[in-house]
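What's in start32.cif: mmCIF, C-alpha atoms; chains and numbers go by the auth columns
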```cif
data_model
#
loop_
_atom_site.group_PDB
_atom_site.id
_atom_site.type_symbol
_atom_site.label_atom_id
_atom_site.label_comp_id
_atom_site.label_asym_id
_atom_site.label_seq_id
_atom_site.Cartn_x
_atom_site.Cartn_y
_atom_site.Cartn_z
_atom_site.B_iso_or_equiv
_atom_site.auth_seq_id
_atom_site.auth_asym_id
ATOM 1 C CA MET A 1 64.250 -6.505 68.132 0.00 1 E
ATOM 2 C CA ARG A 2 63.972 -4.049 65.254 0.00 2 E
ATOM 3 C CA LEU A 3 63.145 -1.074 67.482 0.00 3 E
ATOM 4 C CA ASN A 4 66.546 -1.429 69.140 0.00 4 E
ATOM 5 C CA ASP A 5 68.188 -0.775 65.757 0.00 5 E
ATOM 6 C CA LEU A 6 66.364 2.467 64.958 0.00 6 E
ATOM 7 C CA PRO A 7 68.279 5.756 65.123 0.00 7 E
ATOM 8 C CA PRO A 8 67.090 7.882 68.087 0.00 8 E
ATOM 9 C CA GLU A 9 64.941 10.271 66.007 0.00 9 E
ATOM 10 C CA GLN A 10 63.178 7.416 64.198 0.00 10 E
ATOM 11 C CA LEU A 11 62.605 5.622 67.503 0.00 11 E
ATOM 12 C CA LYS A 12 61.175 8.832 68.974 0.00 12 E
ATOM 13 C CA THR A 13 58.804 9.189 66.006 0.00 13 E
ATOM 14 C CA ALA A 14 57.739 5.544 66.295 0.00 14 E
ATOM 15 C CA LEU A 15 57.052 5.833 70.023 0.00 15 E
ATOM 16 C CA THR A 16 55.120 9.080 69.511 0.00 16 E
ATOM 17 C CA GLN A 17 52.780 7.180 67.149 0.00 17 E
ATOM 18 C CA CYS A 18 51.970 4.924 70.104 0.00 18 E
ATOM 19 C CA CYS A 19 51.493 7.636 72.717 0.00 19 E
ATOM 20 C CA GLY A 20 51.535 11.407 72.276 0.00 20 E
ATOM 21 C CA SER A 21 52.973 12.249 75.708 0.00 21 E
ATOM 22 C CA THR A 22 56.375 13.904 75.282 0.00 22 E
ATOM 23 C CA VAL A 23 57.408 12.880 78.808 0.00 23 E
ATOM 24 C CA TRP A 24 56.423 9.239 78.253 0.00 24 E
ATOM 25 C CA VAL A 25 58.322 9.124 74.946 0.00 25 E
ATOM 26 C CA GLN A 26 61.443 10.550 76.602 0.00 26 E
ATOM 27 C CA LYS A 27 61.223 8.039 79.454 0.00 27 E
ATOM 28 C CA MET A 28 60.809 5.242 76.911 0.00 28 E
ATOM 29 C CA LEU A 29 63.827 6.354 74.899 0.00 29 E
ATOM 30 C CA ASP A 30 65.915 5.932 78.035 0.00 30 E
ATOM 31 C CA ILE A 31 65.096 2.202 78.384 0.00 31 E
ATOM 32 C CA PHE A 32 66.452 1.154 74.996 0.00 32 E
ATOM 33 C CA PRO A 33 67.767 -1.300 74.019 0.00 33 E
ATOM 34 C CA VAL A 34 65.130 -3.674 75.383 0.00 34 E
ATOM 35 C CA LYS A 35 65.418 -7.433 75.663 0.00 35 E
ATOM 36 C CA ASP A 36 62.025 -8.431 74.256 0.00 36 E
ATOM 37 C CA GLU A 37 58.359 -7.534 73.819 0.00 37 E
ATOM 38 C CA ALA A 38 57.481 -8.374 77.424 0.00 38 E
ATOM 39 C CA GLU A 39 60.110 -5.969 78.738 0.00 39 E
ATOM 40 C CA LEU A 40 58.969 -3.249 76.318 0.00 40 E
ATOM 41 C CA LEU A 41 55.287 -3.567 77.279 0.00 41 E
ATOM 42 C CA SER A 42 56.032 -3.780 80.991 0.00 42 E
ATOM 43 C CA ALA A 43 58.192 -0.642 80.849 0.00 43 E
ATOM 44 C CA ALA A 44 55.583 1.164 78.766 0.00 44 E
ATOM 45 C CA THR A 45 52.907 0.629 81.409 0.00 45 E
ATOM 46 C CA LEU A 46 55.198 1.347 84.349 0.00 46 E
ATOM 47 C CA LEU A 47 56.451 4.593 82.809 0.00 47 E
ATOM 48 C CA TRP A 48 52.930 5.638 81.776 0.00 48 E
ATOM 49 C CA HIS A 49 51.759 5.266 85.380 0.00 49 E
ATOM 50 C CA GLN A 50 54.669 7.485 86.481 0.00 50 E
ATOM 51 C CA CYS A 51 53.474 10.292 84.217 0.00 51 E
ATOM 52 C CA THR A 52 51.372 13.182 85.491 0.00 52 E
ATOM 53 C CA GLU A 53 47.844 14.169 84.606 0.00 53 E
ATOM 54 C CA LYS A 54 49.315 16.881 82.358 0.00 54 E
ATOM 55 C CA ASP A 55 51.214 14.174 80.435 0.00 55 E
ATOM 56 C CA TRP A 56 48.049 12.077 80.125 0.00 56 E
ATOM 57 C CA LEU A 57 46.106 15.036 78.737 0.00 57 E
ATOM 58 C CA GLU A 58 48.854 15.682 76.186 0.00 58 E
ATOM 59 C CA ALA A 59 48.529 12.073 75.004 0.00 59 E
ATOM 60 C CA PHE A 60 44.731 12.334 74.793 0.00 60 E
ATOM 61 C CA ASP A 61 45.107 15.382 72.532 0.00 61 E
ATOM 62 C CA HIS A 62 46.742 13.150 69.911 0.00 62 E
ATOM 63 C CA HIS A 63 43.526 11.176 69.347 0.00 63 E
ATOM 64 C CA PRO A 64 40.535 11.945 67.143 0.00 64 E
ATOM 65 C CA LYS A 65 37.133 11.826 68.799 0.00 65 E
ATOM 66 C CA ILE A 66 35.304 8.524 68.418 0.00 66 E
ATOM 67 C CA GLY A 67 33.405 8.861 65.154 0.00 67 E
ATOM 68 C CA ASP A 68 35.509 11.689 63.679 0.00 68 E
ATOM 69 C CA LYS A 69 37.286 11.214 60.364 0.00 69 E
ATOM 70 C CA THR A 70 41.059 11.019 60.689 0.00 70 E
ATOM 71 C CA ASN A 71 44.159 10.548 58.550 0.00 71 E
ATOM 72 C CA ASN A 72 45.763 8.536 61.362 0.00 72 E
ATOM 73 C CA LYS A 73 45.901 4.996 59.949 0.00 73 E
ATOM 74 C CA TRP A 74 45.950 3.256 63.320 0.00 74 E
ATOM 75 C CA ALA A 75 43.123 5.373 64.771 0.00 75 E
ATOM 76 C CA SER A 76 41.036 4.684 61.647 0.00 76 E
ATOM 77 C CA GLU A 77 41.623 0.949 61.993 0.00 77 E
ATOM 78 C CA GLU A 78 40.909 1.016 65.728 0.00 78 E
ATOM 79 C CA GLN A 79 37.621 2.857 65.189 0.00 79 E
ATOM 80 C CA SER A 80 36.674 1.033 61.982 0.00 80 E
ATOM 81 C CA SER A 81 33.344 -0.194 63.376 0.00 81 E
ATOM 82 C CA VAL A 82 32.118 3.410 63.493 0.00 82 E
ATOM 83 C CA ALA A 83 32.249 3.609 59.691 0.00 83 E
ATOM 84 C CA ASN A 84 29.626 0.861 59.475 0.00 84 E
ATOM 85 C CA THR A 85 27.212 2.044 62.125 0.00 85 E
ATOM 86 C CA THR A 86 23.865 3.782 61.875 0.00 86 E
ATOM 87 C CA ILE A 87 23.322 7.515 61.544 0.00 87 E
ATOM 88 C CA SER A 88 21.535 7.404 64.892 0.00 88 E
ATOM 89 C CA VAL A 89 24.573 5.903 66.674 0.00 89 E
ATOM 90 C CA LEU A 90 26.874 8.421 64.964 0.00 90 E
ATOM 91 C CA LYS A 91 24.640 11.265 66.130 0.00 91 E
ATOM 92 C CA ASP A 92 24.557 9.884 69.675 0.00 92 E
ATOM 93 C CA LEU A 93 28.374 9.522 69.649 0.00 93 E
ATOM 94 C CA GLU A 94 28.722 13.116 68.492 0.00 94 E
ATOM 95 C CA GLU A 95 26.392 14.337 71.229 0.00 95 E
ATOM 96 C CA GLY A 96 28.091 12.151 73.857 0.00 96 E
ATOM 97 C CA ASN A 97 31.538 13.359 72.791 0.00 97 E
ATOM 98 C CA HIS A 98 30.334 16.956 73.190 0.00 98 E
ATOM 99 C CA LEU A 99 28.908 16.306 76.683 0.00 99 E
ATOM 100 C CA TYR A 100 32.045 14.432 77.722 0.00 100 E
ATOM 101 C CA LEU A 101 34.373 17.209 76.540 0.00 101 E
ATOM 102 C CA LYS A 102 32.227 19.792 78.303 0.00 102 E
ATOM 103 C CA LYS A 103 32.214 17.820 81.569 0.00 103 E
ATOM 104 C CA PHE A 104 35.813 16.600 81.700 0.00 104 E
ATOM 105 C CA GLY A 105 37.732 19.051 79.477 0.00 105 E
ATOM 106 C CA TYR A 106 39.293 16.391 77.242 0.00 106 E
ATOM 107 C CA ILE A 107 38.037 13.947 74.625 0.00 107 E
ATOM 108 C CA PHE A 108 36.589 10.539 75.431 0.00 108 E
ATOM 109 C CA ILE A 109 39.410 7.989 75.327 0.00 109 E
ATOM 110 C CA VAL A 110 38.575 4.326 74.870 0.00 110 E
ATOM 111 C CA CYS A 111 40.534 1.409 73.494 0.00 111 E
ATOM 112 C CA ALA A 112 38.296 1.006 70.451 0.00 112 E
ATOM 113 C CA THR A 113 39.998 -2.048 68.935 0.00 113 E
ATOM 114 C CA GLY A 114 37.447 -4.811 68.450 0.00 114 E
ATOM 115 C CA LYS A 115 34.556 -2.824 69.901 0.00 115 E
ATOM 116 C CA PRO A 116 31.409 -2.147 67.879 0.00 116 E
ATOM 117 C CA ALA A 117 30.264 1.475 67.761 0.00 117 E
ATOM 118 C CA THR A 118 27.266 0.666 69.949 0.00 118 E
ATOM 119 C CA GLU A 119 29.562 -0.657 72.700 0.00 119 E
ATOM 120 C CA MET A 120 31.721 2.477 72.534 0.00 120 E
ATOM 121 C CA LEU A 121 28.569 4.584 72.789 0.00 121 E
ATOM 122 C CA SER A 122 27.424 2.615 75.845 0.00 122 E
ATOM 123 C CA LEU A 123 30.837 3.048 77.465 0.00 123 E
ATOM 124 C CA LEU A 124 30.812 6.770 76.735 0.00 124 E
ATOM 125 C CA GLN A 125 27.342 7.168 78.243 0.00 125 E
ATOM 126 C CA ALA A 126 28.271 5.136 81.330 0.00 126 E
ATOM 127 C CA ARG A 127 31.503 7.056 81.883 0.00 127 E
ATOM 128 C CA LEU A 128 29.679 10.396 81.722 0.00 128 E
ATOM 129 C CA THR A 129 28.427 9.540 85.229 0.00 129 E
ATOM 130 C CA ASN A 130 31.983 9.255 86.612 0.00 130 E
ATOM 131 C CA THR A 131 33.549 11.861 88.843 0.00 131 E
ATOM 132 C CA PRO A 132 36.431 13.801 87.250 0.00 132 E
ATOM 133 C CA GLU A 133 38.855 12.003 89.602 0.00 133 E
ATOM 134 C CA LYS A 134 37.629 8.557 88.585 0.00 134 E
ATOM 135 C CA GLU A 135 37.365 9.416 84.886 0.00 135 E
ATOM 136 C CA ILE A 136 40.925 10.708 84.451 0.00 136 E
ATOM 137 C CA LYS A 137 42.190 7.383 85.852 0.00 137 E
ATOM 138 C CA THR A 138 39.852 5.410 83.572 0.00 138 E
ATOM 139 C CA ALA A 139 40.972 7.416 80.535 0.00 139 E
ATOM 140 C CA MET A 140 44.613 6.932 81.558 0.00 140 E
ATOM 141 C CA GLU A 141 44.096 3.150 81.718 0.00 141 E
ATOM 142 C CA GLU A 142 42.431 3.178 78.285 0.00 142 E
ATOM 143 C CA GLN A 143 45.397 5.118 76.868 0.00 143 E
ATOM 144 C CA ASP A 144 47.709 2.474 78.328 0.00 144 E
ATOM 145 C CA LYS A 145 45.754 -0.254 76.488 0.00 145 E
ATOM 146 C CA ILE A 146 45.938 1.735 73.231 0.00 146 E
ATOM 147 C CA THR A 147 49.672 2.320 73.660 0.00 147 E
ATOM 148 C CA ARG A 148 50.388 -1.356 74.316 0.00 148 E
ATOM 149 C CA LEU A 149 48.410 -2.413 71.205 0.00 149 E
ATOM 150 C CA ARG A 150 50.231 0.147 69.095 0.00 150 E
ATOM 151 C CA LEU A 151 53.626 -0.978 70.410 0.00 151 E
ATOM 152 C CA GLN A 152 52.689 -4.515 69.362 0.00 152 E
ATOM 153 C CA LYS A 153 51.779 -3.183 65.901 0.00 153 E
ATOM 154 C CA LEU A 154 55.199 -1.513 65.716 0.00 154 E
ATOM 155 C CA LEU A 155 56.902 -4.779 66.587 0.00 155 E
ATOM 156 C CA ALA A 156 54.895 -6.622 63.948 0.00 156 E
ATOM 157 C CA SER A 157 55.717 -4.149 61.165 0.00 157 E
#
```
Transcribe the structure of this file into structure tokens.
Amino acid sequence: MRLNDLPPEQLKTALTQCCGSTVWVQKMLDIFPVKDEAELLSAATLLWHQCTEKDWLEAFDHHPKIGDKTNNKWASEEQSSVANTTISVLKDLEEGNHLYLKKFGYIFIVCATGKPATEMLSLLQARLTNTPEKEIKTAMEEQDKITRLRLQKLLAS
């Protein structure tokens, strides 16, 4: 596995591209070398669930809002359907993002890969009704999905 061969600083940078939590990255560095993809993904989820809400929020801060322009190649690819949506949906996403941030104190996190903009908008609107306790767990699970997909992209590169 190529990741096993990376020098520690390069591995740290690669893992940070997958998840912006400093604590999660440090925990992940400690598991290397890994046997295979299954072990890597299993550890990633296990260690993510051991992180605190503070760690989750740090990871969320590394994402652009759904619909925002970004230089992050992976985030752009993951949200690519937004580029081809209507002005109305973009406006509704912008408004929903604002309401979400105001209510929960962090940006709306969703695993956008393969989802049309209208589906992300529906998810955002539905999740606005969640309690803060339920929503932080939902956002944490979405971050886990994003991280796992990005780790698979790393392995494929």
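Taking only C-alpha atoms into account, the polymer residues that have an atom no farther than 10 Å from (42.3, 14.2, 72.7) are Gly20, Trp56, Leu57, Glu58, Ala59, Phe60, Asp61, His62, His63, Pro64, Lys65, Ile66, Leu101, Gly105, Tyr106, Ile107, Phe108 and Ile109 of chain E.
Residues in contact with Asp92 (chain E) at up to 12 Å, not including ones fewer than 3 positions away on its chain and judged by only C-alpha atoms, are Ile66, Gly67, Val82, Thr85, Thr86, Ile87, Ser88, Val89, Glu95, Gly96, Asn97, His98, Leu99, Tyr100, Ala117, Thr118, Met120, Leu121, Ser122, Leu124 and Gln125 of chain E.
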*Residues at most 8 Å from Lys35 (chain E), counting all atoms listed in the file, excluding those fewer than 3 positions away in the same chain, as JSON, numbers by chain?*
{"E": [1, 39, 40]}
Restricting the calculation to only C-alpha atoms: of E:His49, E:Lys115, E:Arg2, E:Lys73, which residue gets closest to Gln143 (chain E)?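 Using only C-alpha atoms, the shortest distance to Gln143 (chain E) belongs to E:His49.
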Val25 (chain E) environment, 9 Å, all atoms listed in the file, sequence neighbours closer than 3 positions dropped, as a PyMOL selection string: chain E and resi 12-13+15-16+19-22+28-30
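Compared by their closest atoms to Ala38 (chain E), and using only C-alpha atoms, the residues E:Ser157, E:Gln152, E:Leu90, E:Ala112 rank with E:Gln152 nearest.
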What separates CA of Gln79 (chain E) and CA of Thr52 (chain E) is a distance of 26.6 Å
Which of these residues is nearest to Glu142 (chain E), using all atoms listed in the file: E:Ile31, E:Leu6, E:Cys111, E:Lys91?
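Residue with the minimum atom-to-atom distance to Glu142 (chain E): E:Cys111.
When only C-alpha atoms are used to compute distances to Ala44 (chain E), the closest of the residues E:Asn4, E:Gln26, E:Asn130, E:Gln10 turns out to be E:Gln26.
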Give me, please, the distance in Å between CA of Pro33 (chain E) and CA of Gln50 (chain E), quoted to one decimal.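 About the pair CA of Pro33 (chain E) and CA of Gln50 (chain E): they are 20.1 Å apart.
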Worksheet item: Given the choices E:Ala126, E:Met140, E:Ile146, E:Ala83, which gets closest to Thr113 (chain E) if the distance is worked out from only C-alpha atoms?
Response: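 Of E:Ala126, E:Met140, E:Ile146, E:Ala83, the one nearest Thr113 (chain E), counting only C-alpha atoms, is E:Ile146.
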Separating CA of Arg127 (chain E) from CA of Asp144 (chain E), to the nearest tenth of an Å, is a gap of 17.2 Å
Of E:Lys102, E:Cys51, E:Thr129, E:Glu141, the one sitting nearest Val23 (chain E) when using only C-alpha atoms is E:Cys51
Atoms added to region 28-62 of chain E (N, CA and C atoms), reported as a PDB file, keeping the file's coordinate frame:
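Heads up, here's the output in selection-v4.pdb:
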```pdb
ATOM      1  N   MET E  28      60.662   6.476  77.674  1.00  0.00           N
ATOM      2  CA  MET E  28      60.809   5.242  76.911  1.00  0.00           C
ATOM      3  C   MET E  28      62.138   5.194  76.162  1.00  0.00           C
ATOM      4  N   LEU E  29      62.553   6.320  75.617  1.00  0.00           N
ATOM      5  CA  LEU E  29      63.827   6.354  74.899  1.00  0.00           C
ATOM      6  C   LEU E  29      64.975   5.924  75.805  1.00  0.00           C
ATOM      7  N   ASP E  30      64.849   6.241  77.074  1.00  0.00           N
ATOM      8  CA  ASP E  30      65.915   5.932  78.035  1.00  0.00           C
ATOM      9  C   ASP E  30      66.044   4.450  78.352  1.00  0.00           C
ATOM     10  N   ILE E  31      65.038   3.632  78.032  1.00  0.00           N
ATOM     11  CA  ILE E  31      65.096   2.202  78.384  1.00  0.00           C
ATOM     12  C   ILE E  31      65.717   1.345  77.283  1.00  0.00           C
ATOM     13  N   PHE E  32      65.920   1.945  76.112  1.00  0.00           N
ATOM     14  CA  PHE E  32      66.452   1.154  74.996  1.00  0.00           C
ATOM     15  C   PHE E  32      67.945   0.976  75.113  1.00  0.00           C
ATOM     16  N   PRO E  33      68.455  -0.179  74.676  1.00  0.00           N
ATOM     17  CA  PRO E  33      67.767  -1.300  74.019  1.00  0.00           C
ATOM     18  C   PRO E  33      66.995  -2.152  75.039  1.00  0.00           C
ATOM     19  N   VAL E  34      65.927  -2.781  74.545  1.00  0.00           N
ATOM     20  CA  VAL E  34      65.130  -3.674  75.383  1.00  0.00           C
ATOM     21  C   VAL E  34      65.364  -5.115  74.951  1.00  0.00           C
ATOM     22  N   LYS E  35      65.147  -6.014  75.900  1.00  0.00           N
ATOM     23  CA  LYS E  35      65.418  -7.433  75.663  1.00  0.00           C
ATOM     24  C   LYS E  35      64.376  -8.069  74.736  1.00  0.00           C
ATOM     25  N   ASP E  36      63.086  -7.764  75.015  1.00  0.00           N
ATOM     26  CA  ASP E  36      62.025  -8.431  74.256  1.00  0.00           C
ATOM     27  C   ASP E  36      60.711  -7.657  74.405  1.00  0.00           C
ATOM     28  N   GLU E  37      59.672  -8.185  73.792  1.00  0.00           N
ATOM     29  CA  GLU E  37      58.359  -7.534  73.819  1.00  0.00           C
ATOM     30  C   GLU E  37      57.830  -7.391  75.236  1.00  0.00           C
ATOM     31  N   ALA E  38      57.985  -8.424  76.045  1.00  0.00           N
ATOM     32  CA  ALA E  38      57.481  -8.374  77.424  1.00  0.00           C
ATOM     33  C   ALA E  38      58.117  -7.222  78.204  1.00  0.00           C
ATOM     34  N   GLU E  39      59.416  -7.064  78.046  1.00  0.00           N
ATOM     35  CA  GLU E  39      60.110  -5.969  78.738  1.00  0.00           C
ATOM     36  C   GLU E  39      59.625  -4.608  78.229  1.00  0.00           C
ATOM     37  N   LEU E  40      59.440  -4.500  76.917  1.00  0.00           N
ATOM     38  CA  LEU E  40      58.969  -3.249  76.318  1.00  0.00           C
ATOM     39  C   LEU E  40      57.582  -2.881  76.854  1.00  0.00           C
ATOM     40  N   LEU E  41      56.659  -3.833  76.845  1.00  0.00           N
ATOM     41  CA  LEU E  41      55.287  -3.567  77.279  1.00  0.00           C
ATOM     42  C   LEU E  41      55.217  -3.281  78.780  1.00  0.00           C
ATOM     43  N   SER E  42      55.996  -4.010  79.543  1.00  0.00           N
ATOM     44  CA  SER E  42      56.032  -3.780  80.991  1.00  0.00           C
ATOM     45  C   SER E  42      56.553  -2.376  81.309  1.00  0.00           C
ATOM     46  N   ALA E  43      57.624  -1.983  80.644  1.00  0.00           N
ATOM     47  CA  ALA E  43      58.192  -0.642  80.849  1.00  0.00           C
ATOM     48  C   ALA E  43      57.210   0.432  80.399  1.00  0.00           C
ATOM     49  N   ALA E  44      56.536   0.183  79.288  1.00  0.00           N
ATOM     50  CA  ALA E  44      55.583   1.164  78.766  1.00  0.00           C
ATOM     51  C   ALA E  44      54.498   1.473  79.794  1.00  0.00           C
ATOM     52  N   THR E  45      53.955   0.432  80.398  1.00  0.00           N
ATOM     53  CA  THR E  45      52.907   0.629  81.409  1.00  0.00           C
ATOM     54  C   THR E  45      53.469   1.276  82.669  1.00  0.00           C
ATOM     55  N   LEU E  46      54.583   0.781  83.148  1.00  0.00           N
ATOM     56  CA  LEU E  46      55.198   1.347  84.349  1.00  0.00           C
ATOM     57  C   LEU E  46      55.486   2.837  84.176  1.00  0.00           C
ATOM     58  N   LEU E  47      56.092   3.193  83.051  1.00  0.00           N
ATOM     59  CA  LEU E  47      56.451   4.593  82.809  1.00  0.00           C
ATOM     60  C   LEU E  47      55.212   5.455  82.583  1.00  0.00           C
ATOM     61  N   TRP E  48      54.178   4.897  81.972  1.00  0.00           N
ATOM     62  CA  TRP E  48      52.930   5.638  81.776  1.00  0.00           C
ATOM     63  C   TRP E  48      52.301   5.983  83.126  1.00  0.00           C
ATOM     64  N   HIS E  49      52.333   5.036  84.051  1.00  0.00           N
ATOM     65  CA  HIS E  49      51.759   5.266  85.380  1.00  0.00           C
ATOM     66  C   HIS E  49      52.586   6.261  86.193  1.00  0.00           C
ATOM     67  N   GLN E  50      53.824   6.479  85.811  1.00  0.00           N
ATOM     68  CA  GLN E  50      54.669   7.485  86.481  1.00  0.00           C
ATOM     69  C   GLN E  50      54.432   8.890  85.932  1.00  0.00           C
ATOM     70  N   CYS E  51      53.741   8.983  84.820  1.00  0.00           N
ATOM     71  CA  CYS E  51      53.474  10.292  84.217  1.00  0.00           C
ATOM     72  C   CYS E  51      52.415  11.045  85.031  1.00  0.00           C
ATOM     73  N   THR E  52      52.327  12.330  84.779  1.00  0.00           N
ATOM     74  CA  THR E  52      51.372  13.182  85.491  1.00  0.00           C
ATOM     75  C   THR E  52      50.088  13.334  84.676  1.00  0.00           C
ATOM     76  N   GLU E  53      49.098  13.903  85.301  1.00  0.00           N
ATOM     77  CA  GLU E  53      47.844  14.169  84.606  1.00  0.00           C
ATOM     78  C   GLU E  53      48.077  15.062  83.384  1.00  0.00           C
ATOM     79  N   LYS E  54      48.979  16.007  83.500  1.00  0.00           N
ATOM     80  CA  LYS E  54      49.315  16.881  82.358  1.00  0.00           C
ATOM     81  C   LYS E  54      49.834  16.043  81.183  1.00  0.00           C
ATOM     82  N   ASP E  55      50.672  15.063  81.474  1.00  0.00           N
ATOM     83  CA  ASP E  55      51.214  14.174  80.435  1.00  0.00           C
ATOM     84  C   ASP E  55      50.098  13.346  79.806  1.00  0.00           C
ATOM     85  N   TRP E  56      49.171  12.867  80.634  1.00  0.00           N
ATOM     86  CA  TRP E  56      48.049  12.077  80.125  1.00  0.00           C
ATOM     87  C   TRP E  56      47.214  12.919  79.176  1.00  0.00           C
ATOM     88  N   LEU E  57      46.923  14.150  79.572  1.00  0.00           N
ATOM     89  CA  LEU E  57      46.106  15.036  78.737  1.00  0.00           C
ATOM     90  C   LEU E  57      46.791  15.325  77.404  1.00  0.00           C
ATOM     91  N   GLU E  58      48.113  15.468  77.437  1.00  0.00           N
ATOM     92  CA  GLU E  58      48.854  15.682  76.186  1.00  0.00           C
ATOM     93  C   GLU E  58      48.670  14.475  75.259  1.00  0.00           C
ATOM     94  N   ALA E  59      48.725  13.285  75.814  1.00  0.00           N
ATOM     95  CA  ALA E  59      48.529  12.073  75.004  1.00  0.00           C
ATOM     96  C   ALA E  59      47.115  12.018  74.435  1.00  0.00           C
ATOM     97  N   PHE E  60      46.126  12.370  75.256  1.00  0.00           N
ATOM     98  CA  PHE E  60      44.731  12.334  74.793  1.00  0.00           C
ATOM     99  C   PHE E  60      44.530  13.268  73.599  1.00  0.00           C
ATOM    100  N   ASP E  61      45.233  14.393  73.611  1.00  0.00           N
ATOM    101  CA  ASP E  61      45.107  15.382  72.532  1.00  0.00           C
ATOM    102  C   ASP E  61      45.554  14.844  71.171  1.00  0.00           C
ATOM    103  N   HIS E  62      46.257  13.731  71.164  1.00  0.00           N
ATOM    104  CA  HIS E  62      46.742  13.150  69.911  1.00  0.00           C
ATOM    105  C   HIS E  62      45.737  12.189  69.271  1.00  0.00           C
TER     106      HIS E  62
END
```
